[in-house]
$ cat my_file_6.pdb   # PDB, C-alpha atoms
ATOM      1  CA  MET A   1      -0.541  -4.088   6.734
ATOM      2  CA  LEU A   2       0.566  -3.717   3.130
ATOM      3  CA  ASP A   3       3.300  -1.137   2.549
ATOM      4  CA  PHE A   4       2.802  -0.281  -1.129
ATOM      5  CA  GLY A   5       5.823   1.295  -2.829
ATOM      6  CA  CYS A   6       7.822   0.473   0.289
ATOM      7  CA  GLY A   7      11.241   1.528  -0.999
ATOM      8  CA  THR A   8      13.830   0.476   1.577
ATOM      9  CA  GLY A   9      11.091  -0.127   4.120
ATOM     10  CA  LEU A  10      11.042   3.058   6.206
ATOM     11  CA  LEU A  11       7.336   2.642   7.022
ATOM     12  CA  THR A  12       7.639  -1.126   7.422
ATOM     13  CA  GLU A  13      10.500  -0.600   9.870
ATOM     14  CA  LYS A  14       8.441   1.845  11.943
ATOM     15  CA  VAL A  15       5.352  -0.368  12.176
ATOM     16  CA  GLN A  16       6.646  -3.948  12.028
ATOM     17  CA  SER A  17       6.698  -4.293  15.818
ATOM     18  CA  GLN A  18       3.137  -2.936  16.050
ATOM     19  CA  VAL A  19       1.452  -5.196  13.493
ATOM     20  CA  SER A  20       0.951  -8.910  13.203
ATOM     21  CA  ASN A  21       2.186  -9.025   9.616
ATOM     22  CA  ALA A  22       3.620  -6.574   7.129
ATOM     23  CA  ILE A  23       3.658  -7.212   3.404
ATOM     24  CA  SER A  24       5.939  -4.782   1.599
ATOM     25  CA  ILE A  25       6.064  -4.379  -2.173
ATOM     26  CA  ASP A  26       8.095  -2.211  -4.517
ATOM     27  CA  VAL A  27       9.074  -2.291  -8.188
ATOM     28  CA  ALA A  28      12.788  -1.705  -7.506
ATOM     29  CA  PRO A  29      14.833  -4.840  -6.774
ATOM     30  CA  SER A  30      17.565  -2.789  -5.060
ATOM     31  CA  MET A  31      15.024  -1.350  -2.611
ATOM     32  CA  ILE A  32      13.562  -4.758  -1.799
ATOM     33  CA  LYS A  33      17.077  -6.139  -1.292
ATOM     34  CA  VAL A  34      17.765  -3.449   1.343
ATOM     35  CA  LEU A  35      14.468  -4.221   3.071
ATOM     36  CA  GLN A  36      15.144  -7.969   2.990
ATOM     37  CA  GLU A  37      18.542  -7.339   4.612
ATOM     38  CA  LYS A  38      16.855  -5.234   7.330
ATOM     39  CA  THR A  39      14.275  -7.977   7.813
ATOM     40  CA  LYS A  40      16.939 -10.642   8.220
ATOM     41  CA  SER A  41      19.243  -8.611  10.499
ATOM     42  CA  GLY A  42      16.312  -7.371  12.580
ATOM     43  CA  GLY A  43      14.754 -10.801  12.958
ATOM     44  CA  TRP A  44      11.430  -9.500  11.669
ATOM     45  CA  ASP A  45       9.668 -12.804  11.102
ATOM     46  CA  ASN A  46       6.400 -10.993  10.433
ATOM     47  CA  VAL A  47       7.641  -9.090   7.359
ATOM     48  CA  GLU A  48       7.399 -10.310   3.769
ATOM     49  CA  ALA A  49       9.002  -8.207   1.012
ATOM     50  CA  TYR A  50       8.334  -8.663  -2.704
ATOM     51  CA  CYS A  51       9.590  -7.006  -5.863
ATOM     52  CA  VAL A  52       6.480  -6.734  -8.026
ATOM     53  CA  VAL A  53       4.491  -4.299 -10.158
ATOM     54  CA  ALA A  54       1.059  -4.166  -8.516
ATOM     55  CA  ALA A  55      -0.751  -3.813 -11.838
ATOM     56  CA  HIS A  56       0.994  -6.927 -13.154
ATOM     57  CA  VAL A  57       0.976  -9.366 -10.225
ATOM     58  CA  GLY A  58      -0.271 -12.053 -12.608
ATOM     59  CA  GLN A  59       3.085 -11.856 -14.403
ATOM     60  CA  ALA A  60       5.173 -12.046 -11.214
ATOM     61  CA  ALA A  61       7.374 -14.971 -10.250
ATOM     62  CA  PRO A  62       5.156 -17.922  -9.267
ATOM     63  CA  GLU A  63       6.142 -17.797  -5.572
ATOM     64  CA  THR A  64       5.509 -14.030  -5.381
ATOM     65  CA  LYS A  65       2.176 -14.369  -7.157
ATOM     66  CA  ALA A  66       1.108 -17.219  -4.838
ATOM     67  CA  ALA A  67       2.171 -15.356  -1.695
ATOM     68  CA  LEU A  68       0.270 -12.211  -2.651
ATOM     69  CA  GLU A  69      -2.793 -14.189  -3.784
ATOM     70  CA  ALA A  70      -2.859 -15.814  -0.340
ATOM     71  CA  TRP A  71      -3.209 -12.372   1.290
ATOM     72  CA  LYS A  72      -6.133 -11.209  -0.883
ATOM     73  CA  GLY A  73      -9.013 -10.010   1.256
ATOM     74  CA  LYS A  74      -7.013 -10.319   4.487
ATOM     75  CA  VAL A  75      -5.174  -7.018   4.845
ATOM     76  CA  ASP A  76      -6.452  -4.447   7.335
ATOM     77  CA  ILE A  77      -4.464  -1.463   6.064
ATOM     78  CA  VAL A  78      -2.799  -0.525   2.789
ATOM     79  CA  ALA A  79      -0.515   2.456   3.338
ATOM     80  CA  PHE A  80       1.691   4.422   0.982
ATOM     81  CA  SER A  81       3.237   7.822   0.577
ATOM     82  CA  SER A  82       4.041   9.650  -2.657
ATOM     83  CA  VAL A  83       3.626   6.523  -4.778
ATOM     84  CA  LEU A  84       0.537   6.931  -6.983
ATOM     85  CA  SER A  85       2.105   9.845  -8.864
ATOM     86  CA  PHE A  86       4.725   7.393 -10.167
ATOM     87  CA  VAL A  87       2.317   4.685 -11.322
ATOM     88  CA  PRO A  88       1.988   4.868 -15.130
ATOM     89  CA  GLU A  89      -1.463   6.073 -16.149
ATOM     90  CA  GLY A  90      -2.135   2.830 -18.021
ATOM     91  CA  ASP A  91      -1.504   0.852 -14.816
ATOM     92  CA  LEU A  92      -3.582   2.970 -12.400
ATOM     93  CA  LYS A  93      -6.851   1.042 -12.628
ATOM     94  CA  ALA A  94      -5.198  -2.376 -12.253
ATOM     95  CA  THR A  95      -3.059  -1.048  -9.390
ATOM     96  CA  MET A  96      -6.062   0.323  -7.514
ATOM     97  CA  LYS A  97      -7.991  -2.918  -8.078
ATOM     98  CA  PHE A  98      -5.041  -4.936  -6.737
ATOM     99  CA  LEU A  99      -4.832  -2.750  -3.622
ATOM    100  CA  CYS A 100      -8.589  -3.009  -3.068
ATOM    101  CA  HIS A 101      -8.585  -6.778  -3.492
ATOM    102  CA  MET A 102      -5.902  -7.078  -0.821
ATOM    103  CA  LEU A 103      -8.129  -5.325   1.753
ATOM    104  CA  LYS A 104     -10.531  -7.067   4.102
ATOM    105  CA  PRO A 105     -14.132  -6.460   3.019
ATOM    106  CA  GLY A 106     -16.009  -4.036   5.232
ATOM    107  CA  THR A 107     -13.059  -3.055   7.426
ATOM    108  CA  GLY A 108     -10.032  -2.713   5.145
ATOM    109  CA  MET A 109      -8.628   0.800   4.903
ATOM    110  CA  LEU A 110      -6.394   2.401   2.290
ATOM    111  CA  MET A 111      -4.405   5.440   3.456
ATOM    112  CA  HIS A 112      -2.148   7.541   1.249
ATOM    113  CA  SER A 113      -0.313  10.810   1.296
ATOM    114  CA  ASP A 114       0.931  12.675  -1.728
ATOM    115  CA  TRP A 115       1.920  16.078  -2.950
ATOM    116  CA  PRO A 116      -1.111  18.371  -3.203
ATOM    117  CA  LYS A 117      -1.980  19.867  -6.561
ATOM    118  CA  GLY A 118      -0.654  23.372  -6.903
ATOM    119  CA  GLU A 119       1.319  25.709  -9.094
ATOM    120  CA  ASP A 120       4.554  23.830  -8.352
ATOM    121  CA  GLN A 121       2.850  20.400  -8.507
ATOM    122  CA  PRO A 122       0.369  20.493 -11.430
ATOM    123  CA  ASP A 123       0.040  16.686 -11.332
ATOM    124  CA  GLY A 124      -0.349  16.611  -7.554
ATOM    125  CA  PHE A 125      -3.411  15.400  -5.722
ATOM    126  CA  ALA A 126      -6.727  17.143  -5.184
ATOM    127  CA  LYS A 127     -10.017  15.696  -4.012
ATOM    128  CA  GLU A 128     -11.227  14.941  -7.550
ATOM    129  CA  LYS A 129      -8.097  12.960  -8.462
ATOM    130  CA  ALA A 130      -8.217  10.954  -5.220
ATOM    131  CA  LEU A 131     -11.918  10.182  -5.663
ATOM    132  CA  ALA A 132     -11.287   8.991  -9.217
ATOM    133  CA  MET A 133      -8.449   6.719  -8.103
ATOM    134  CA  HIS A 134     -10.416   5.340  -5.165
ATOM    135  CA  GLY A 135     -13.291   4.656  -7.557
ATOM    136  CA  MET A 136     -10.987   2.724  -9.917
ATOM    137  CA  GLY A 137     -10.471   0.218  -7.129
ATOM    138  CA  GLY A 138     -14.068   0.146  -5.978
ATOM    139  CA  LEU A 139     -13.210   1.942  -2.740
ATOM    140  CA  GLN A 140     -15.356   4.423  -0.837
ATOM    141  CA  ALA A 141     -13.552   7.658   0.042
ATOM    142  CA  LYS A 142     -13.655   8.700   3.687
ATOM    143  CA  THR A 143     -11.200  11.600   3.739
ATOM    144  CA  THR A 144      -9.618  13.639   0.967
ATOM    145  CA  LYS A 145      -7.940  16.818   2.121
ATOM    146  CA  THR A 146      -4.743  18.806   2.260
ATOM    147  CA  ILE A 147      -3.167  19.396   5.640
ATOM    148  CA  THR A 148      -0.044  21.241   6.756
ATOM    149  CA  MET A 149       2.726  19.358   8.516
ATOM    150  CA  LYS A 150       5.567  20.996  10.391
ATOM    151  CA  THR A 151       8.880  19.439   9.468
ATOM    152  CA  GLY A 152      12.330  20.841  10.124
ATOM    153  CA  GLY A 153      10.837  24.202  11.037
ATOM    154  CA  TYR A 154       8.932  24.440   7.754
ATOM    155  CA  ASP A 155       5.278  24.138   6.899
ATOM    156  CA  MET A 156       4.762  21.403   4.320
ATOM    157  CA  PRO A 157       1.401  20.847   2.600
ATOM    158  CA  VAL A 158       0.461  17.172   2.301
ATOM    159  CA  PHE A 159      -2.564  15.628   0.611
ATOM    160  CA  LEU A 160      -4.194  12.836   2.636
ATOM    161  CA  GLY A 161      -6.604  10.270   1.272
ATOM    162  CA  VAL A 162      -8.406   7.553   3.197
ATOM    163  CA  ALA A 163     -10.797   5.065   1.608
ATOM    164  CA  THR A 164     -12.421   1.821   2.704
ATOM    165  CA  LYS A 165     -13.420  -1.412   1.083
ATOM    166  CA  THR A 166     -17.121  -1.894   1.621
ATOM    167  CA  SER A 167     -17.773  -5.209  -0.129
ATOM    168  CA  LEU A 168     -16.118  -8.323  -1.519
ATOM    169  CA  ILE A 169     -15.699  -6.878  -5.052
ATOM    170  CA  ASN A 170     -14.912 -10.084  -6.974
ATOM    171  CA  ASP A 171     -12.683 -11.615  -4.300
ATOM    172  CA  SER A 172     -14.391 -14.999  -4.519
ATOM    173  CA  SER A 173     -11.115 -16.681  -5.466
ATOM    174  CA  SER A 174      -9.374 -15.648  -2.238
ATOM    175  CA  PRO A 175      -8.013 -18.540  -0.195
ATOM    176  CA  SER A 176      -9.834 -19.036   3.090
ATOM    177  CA  ASN A 177      -6.742 -19.614   5.212
ATOM    178  CA  ARG A 178      -3.305 -18.075   5.232
ATOM    179  CA  PRO A 179      -0.503 -19.169   7.545
ATOM    180  CA  ASN A 180       0.603 -16.061   9.371
ATOM    181  CA  LYS A 181       3.896 -17.089  10.921
ATOM    182  CA  GLY A 182       2.583 -17.447  14.468
ATOM    183  CA  ARG A 183       0.585 -14.228  14.563
ATOM    184  CA  ASN A 184      -3.149 -14.035  15.112
ATOM    185  CA  THR A 185      -4.306 -11.419  12.604
ATOM    186  CA  VAL A 186      -3.097  -9.370   9.677
ATOM    187  CA  ASN A 187      -2.616  -5.716  10.493
TER     188      ASN A 187
END
$ encode --input "my_file_6.pdb" --output "structure tokens"
Amino acid sequence: MLDFGCGTGLLTEKVQSQVSNAISIDVAPSMIKVLQEKTKSGGWDNVEAYCVVAAHVGQAAPETKAALEAWKGKVDIVAFSSVLSFVPEGDLKATMKFLCHMLKPGTGMLMHSDWPKGEDQPDGFAKEKALAMHGMGGLQAKTTKTITMKTGGYDMPVFLGVATKTSLINDSSSPSNRPNKGRNTVN
């Protein structure tokens, strides 16, 4: 699993015991530092955390770039919540391509939740925006809809998007093997 825009690792923390490997990335060094401390204190040997801008992985530190390149085409799930709204418009296409390239061909799934478009969220998500972003990465949309979640006694609208990677999409440079720290598969 790739936790994109992981922050301090709330999602990573919830799923790390349920997946073989978790790769967590965020642009904020302070957030990654918190997650790395959690990883160390929790003994999560299946979690890797990197401070990197997804659209600019090629400019990352050599060890970060190499580690992420090694995962290309091997990730089952890319998950994120309320992140795409913060990606600069000029970085959206490269970000979506990066996320797509990380997914396994044919079975990889991208899942995201965001604020739905509305009067109070004019830049929020609607089906058209999600389809455009999925298309930037070469992904095929499976679900794009707004649901209502109950939280703290309140109804909260949430936009959900799910897309899959259906083909290799220029992943020919992906390494064929990746050491996975004693685990069998990437989840």
$ resolve_selection --input "my_file_6.pdb" --expression "the PyMOL selection byres ((chain A and resi 52) around 10)" --output "PyMOL selection string"
chain A and resi 5+24-29+32+49-51+53-61+64-65+68
$ resolve_selection --input "my_file_6.pdb" --expression "the PyMOL selection byres ((chain A and resi 129) around 12)" --output "VMD selection string"
chain A and resid 84 to 85 92 114 to 117 122 to 128 130 to 136 141 144 to 145 159 to 161
$ closest_residue --input "my_file_6.pdb" --among "A:Ser81, A:Thr166, A:Ser17, A:Thr12" --to "Lys104 (chain A)" --atoms "only C-alpha atoms"
A:Thr166
$ closest_residue --input "my_file_6.pdb" --among "A:Ile23, A:Val78, A:Val87, A:Ala94" --to "Thr164 (chain A)" --atoms "all atoms listed in the file"
A:Val78
$ closest_residue --input "my_file_6.pdb" --among "A:Ile77, A:Lys93, A:His101, A:Thr148" --to "Val162 (chain A)" --atoms "only C-alpha atoms"
A:Ile77
$ atom_distance --input "my_file_6.pdb" --atom1 "CA of Gly9 (chain A)" --atom2 "CA of Ala79 (chain A)"
11.9 Å
$ atom_distance --input "my_file_6.pdb" --atom1 "CA of Gly138 (chain A)" --atom2 "CA of Val19 (chain A)"
25.5 Å
$ resolve_selection --input "my_file_6.pdb" --expression "the PyMOL selection byres ((chain A and resi 102) around 7)" --output "list in words"
Trp71, Lys72, Gly73, Lys74, Val75, Phe98, Leu99, Cys100, His101, Leu103 and Lys104 of chain A
$ decode --input "my_file_6.pdb" --residues "region 82-132 of chain A" --atoms "N, CA and C atoms" --output "compact mmCIF listing (two decimals), in the first residue's frame"
# COMPACT_ATOMS: atom_id res chain seq x y z
N SER A 82 -8.06 13.82 1.09
CA SER A 82 -7.96 15.28 1.08
C SER A 82 -6.55 15.75 0.74
N VAL A 83 -5.96 15.16 -0.30
CA VAL A 83 -4.61 15.52 -0.69
C VAL A 83 -4.58 16.22 -2.06
N LEU A 84 -5.32 15.72 -3.03
CA LEU A 84 -5.22 16.25 -4.39
C LEU A 84 -5.56 17.74 -4.47
N SER A 85 -6.41 18.22 -3.58
CA SER A 85 -6.76 19.64 -3.59
C SER A 85 -5.56 20.52 -3.26
N PHE A 86 -4.53 19.95 -2.65
CA PHE A 86 -3.34 20.71 -2.26
C PHE A 86 -2.18 20.56 -3.23
N VAL A 87 -2.34 19.71 -4.24
CA VAL A 87 -1.29 19.55 -5.24
C VAL A 87 -1.39 20.72 -6.22
N PRO A 88 -0.29 21.46 -6.41
CA PRO A 88 -0.35 22.59 -7.36
C PRO A 88 -0.80 22.11 -8.74
N GLU A 89 -1.60 22.93 -9.38
CA GLU A 89 -2.16 22.56 -10.69
C GLU A 89 -1.09 22.12 -11.68
N GLY A 90 0.05 22.79 -11.67
CA GLY A 90 1.13 22.44 -12.58
C GLY A 90 1.77 21.09 -12.29
N ASP A 91 1.52 20.54 -11.11
CA ASP A 91 2.09 19.25 -10.72
C ASP A 91 1.09 18.09 -10.81
N LEU A 92 -0.18 18.39 -11.10
CA LEU A 92 -1.21 17.35 -11.08
C LEU A 92 -0.94 16.19 -12.02
N LYS A 93 -0.61 16.49 -13.28
CA LYS A 93 -0.41 15.42 -14.25
C LYS A 93 0.76 14.53 -13.85
N ALA A 94 1.88 15.12 -13.47
CA ALA A 94 3.04 14.33 -13.06
C ALA A 94 2.75 13.53 -11.79
N THR A 95 1.98 14.12 -10.89
CA THR A 95 1.60 13.41 -9.66
C THR A 95 0.74 12.19 -9.98
N MET A 96 -0.26 12.38 -10.82
CA MET A 96 -1.14 11.27 -11.17
C MET A 96 -0.38 10.18 -11.93
N LYS A 97 0.53 10.57 -12.80
CA LYS A 97 1.35 9.59 -13.51
C LYS A 97 2.23 8.80 -12.53
N PHE A 98 2.84 9.49 -11.57
CA PHE A 98 3.64 8.81 -10.56
C PHE A 98 2.80 7.79 -9.80
N LEU A 99 1.63 8.20 -9.35
CA LEU A 99 0.76 7.29 -8.59
C LEU A 99 0.36 6.08 -9.44
N CYS A 100 0.03 6.32 -10.69
CA CYS A 100 -0.34 5.23 -11.60
C CYS A 100 0.84 4.28 -11.80
N HIS A 101 2.01 4.82 -12.01
CA HIS A 101 3.18 3.98 -12.27
C HIS A 101 3.55 3.12 -11.06
N MET A 102 3.15 3.54 -9.88
CA MET A 102 3.43 2.75 -8.69
C MET A 102 2.53 1.51 -8.61
N LEU A 103 1.34 1.59 -9.23
CA LEU A 103 0.36 0.51 -9.14
C LEU A 103 0.72 -0.70 -9.99
N LYS A 104 0.31 -1.87 -9.51
CA LYS A 104 0.44 -3.09 -10.29
C LYS A 104 -0.48 -3.00 -11.50
N PRO A 105 0.00 -3.40 -12.68
CA PRO A 105 -0.86 -3.39 -13.85
C PRO A 105 -1.99 -4.41 -13.70
N GLY A 106 -3.18 -4.00 -14.09
CA GLY A 106 -4.32 -4.91 -14.10
C GLY A 106 -5.05 -5.04 -12.78
N THR A 107 -4.33 -4.92 -11.66
CA THR A 107 -4.99 -5.11 -10.36
C THR A 107 -4.81 -3.94 -9.41
N GLY A 108 -3.89 -3.03 -9.71
CA GLY A 108 -3.64 -1.90 -8.81
C GLY A 108 -4.84 -0.98 -8.73
N MET A 109 -5.12 -0.50 -7.51
CA MET A 109 -6.29 0.34 -7.28
C MET A 109 -5.90 1.62 -6.55
N LEU A 110 -6.40 2.74 -7.05
CA LEU A 110 -6.21 4.03 -6.42
C LEU A 110 -7.53 4.41 -5.76
N MET A 111 -7.49 4.77 -4.48
CA MET A 111 -8.70 5.16 -3.76
C MET A 111 -8.45 6.50 -3.08
N HIS A 112 -9.36 7.45 -3.27
CA HIS A 112 -9.20 8.74 -2.62
C HIS A 112 -10.52 9.29 -2.13
N SER A 113 -10.41 10.09 -1.10
CA SER A 113 -11.58 10.82 -0.61
C SER A 113 -11.20 12.28 -0.52
N ASP A 114 -12.15 13.13 -0.79
CA ASP A 114 -11.92 14.56 -0.78
C ASP A 114 -13.21 15.28 -0.43
N TRP A 115 -13.10 16.59 -0.31
CA TRP A 115 -14.28 17.39 -0.10
C TRP A 115 -15.07 17.45 -1.40
N PRO A 116 -16.40 17.25 -1.33
CA PRO A 116 -17.19 17.36 -2.56
C PRO A 116 -17.37 18.83 -2.95
N LYS A 117 -17.50 19.04 -4.25
CA LYS A 117 -17.74 20.38 -4.76
C LYS A 117 -19.09 20.86 -4.25
N GLY A 118 -19.12 22.08 -3.84
CA GLY A 118 -20.37 22.67 -3.35
C GLY A 118 -20.18 24.16 -3.13
N GLU A 119 -21.22 24.79 -2.63
CA GLU A 119 -21.17 26.23 -2.42
C GLU A 119 -20.03 26.62 -1.48
N ASP A 120 -19.79 25.81 -0.44
CA ASP A 120 -18.73 26.12 0.51
C ASP A 120 -17.37 25.54 0.09
N GLN A 121 -17.36 24.71 -0.94
CA GLN A 121 -16.12 24.11 -1.47
C GLN A 121 -16.12 24.20 -3.00
N PRO A 122 -15.96 25.41 -3.56
CA PRO A 122 -16.04 25.54 -5.02
C PRO A 122 -14.95 24.77 -5.77
N ASP A 123 -13.83 24.49 -5.10
CA ASP A 123 -12.75 23.72 -5.73
C ASP A 123 -12.79 22.26 -5.33
N GLY A 124 -13.87 21.85 -4.66
CA GLY A 124 -14.00 20.46 -4.23
C GLY A 124 -14.18 19.52 -5.42
N PHE A 125 -14.36 18.26 -5.10
CA PHE A 125 -14.43 17.24 -6.14
C PHE A 125 -15.86 16.95 -6.59
N ALA A 126 -15.98 16.73 -7.89
CA ALA A 126 -17.19 16.22 -8.53
C ALA A 126 -16.69 15.16 -9.51
N LYS A 127 -17.61 14.43 -10.07
CA LYS A 127 -17.27 13.34 -10.98
C LYS A 127 -16.33 13.80 -12.10
N GLU A 128 -16.62 14.94 -12.71
CA GLU A 128 -15.84 15.42 -13.84
C GLU A 128 -14.38 15.67 -13.45
N LYS A 129 -14.17 16.28 -12.30
CA LYS A 129 -12.81 16.57 -11.83
C LYS A 129 -12.05 15.28 -11.55
N ALA A 130 -12.72 14.32 -10.90
CA ALA A 130 -12.07 13.04 -10.60
C ALA A 130 -11.72 12.30 -11.88
N LEU A 131 -12.64 12.28 -12.84
CA LEU A 131 -12.38 11.60 -14.11
C LEU A 131 -11.19 12.23 -14.83
N ALA A 132 -11.11 13.55 -14.80
CA ALA A 132 -9.99 14.24 -15.44
C ALA A 132 -8.67 13.87 -14.77
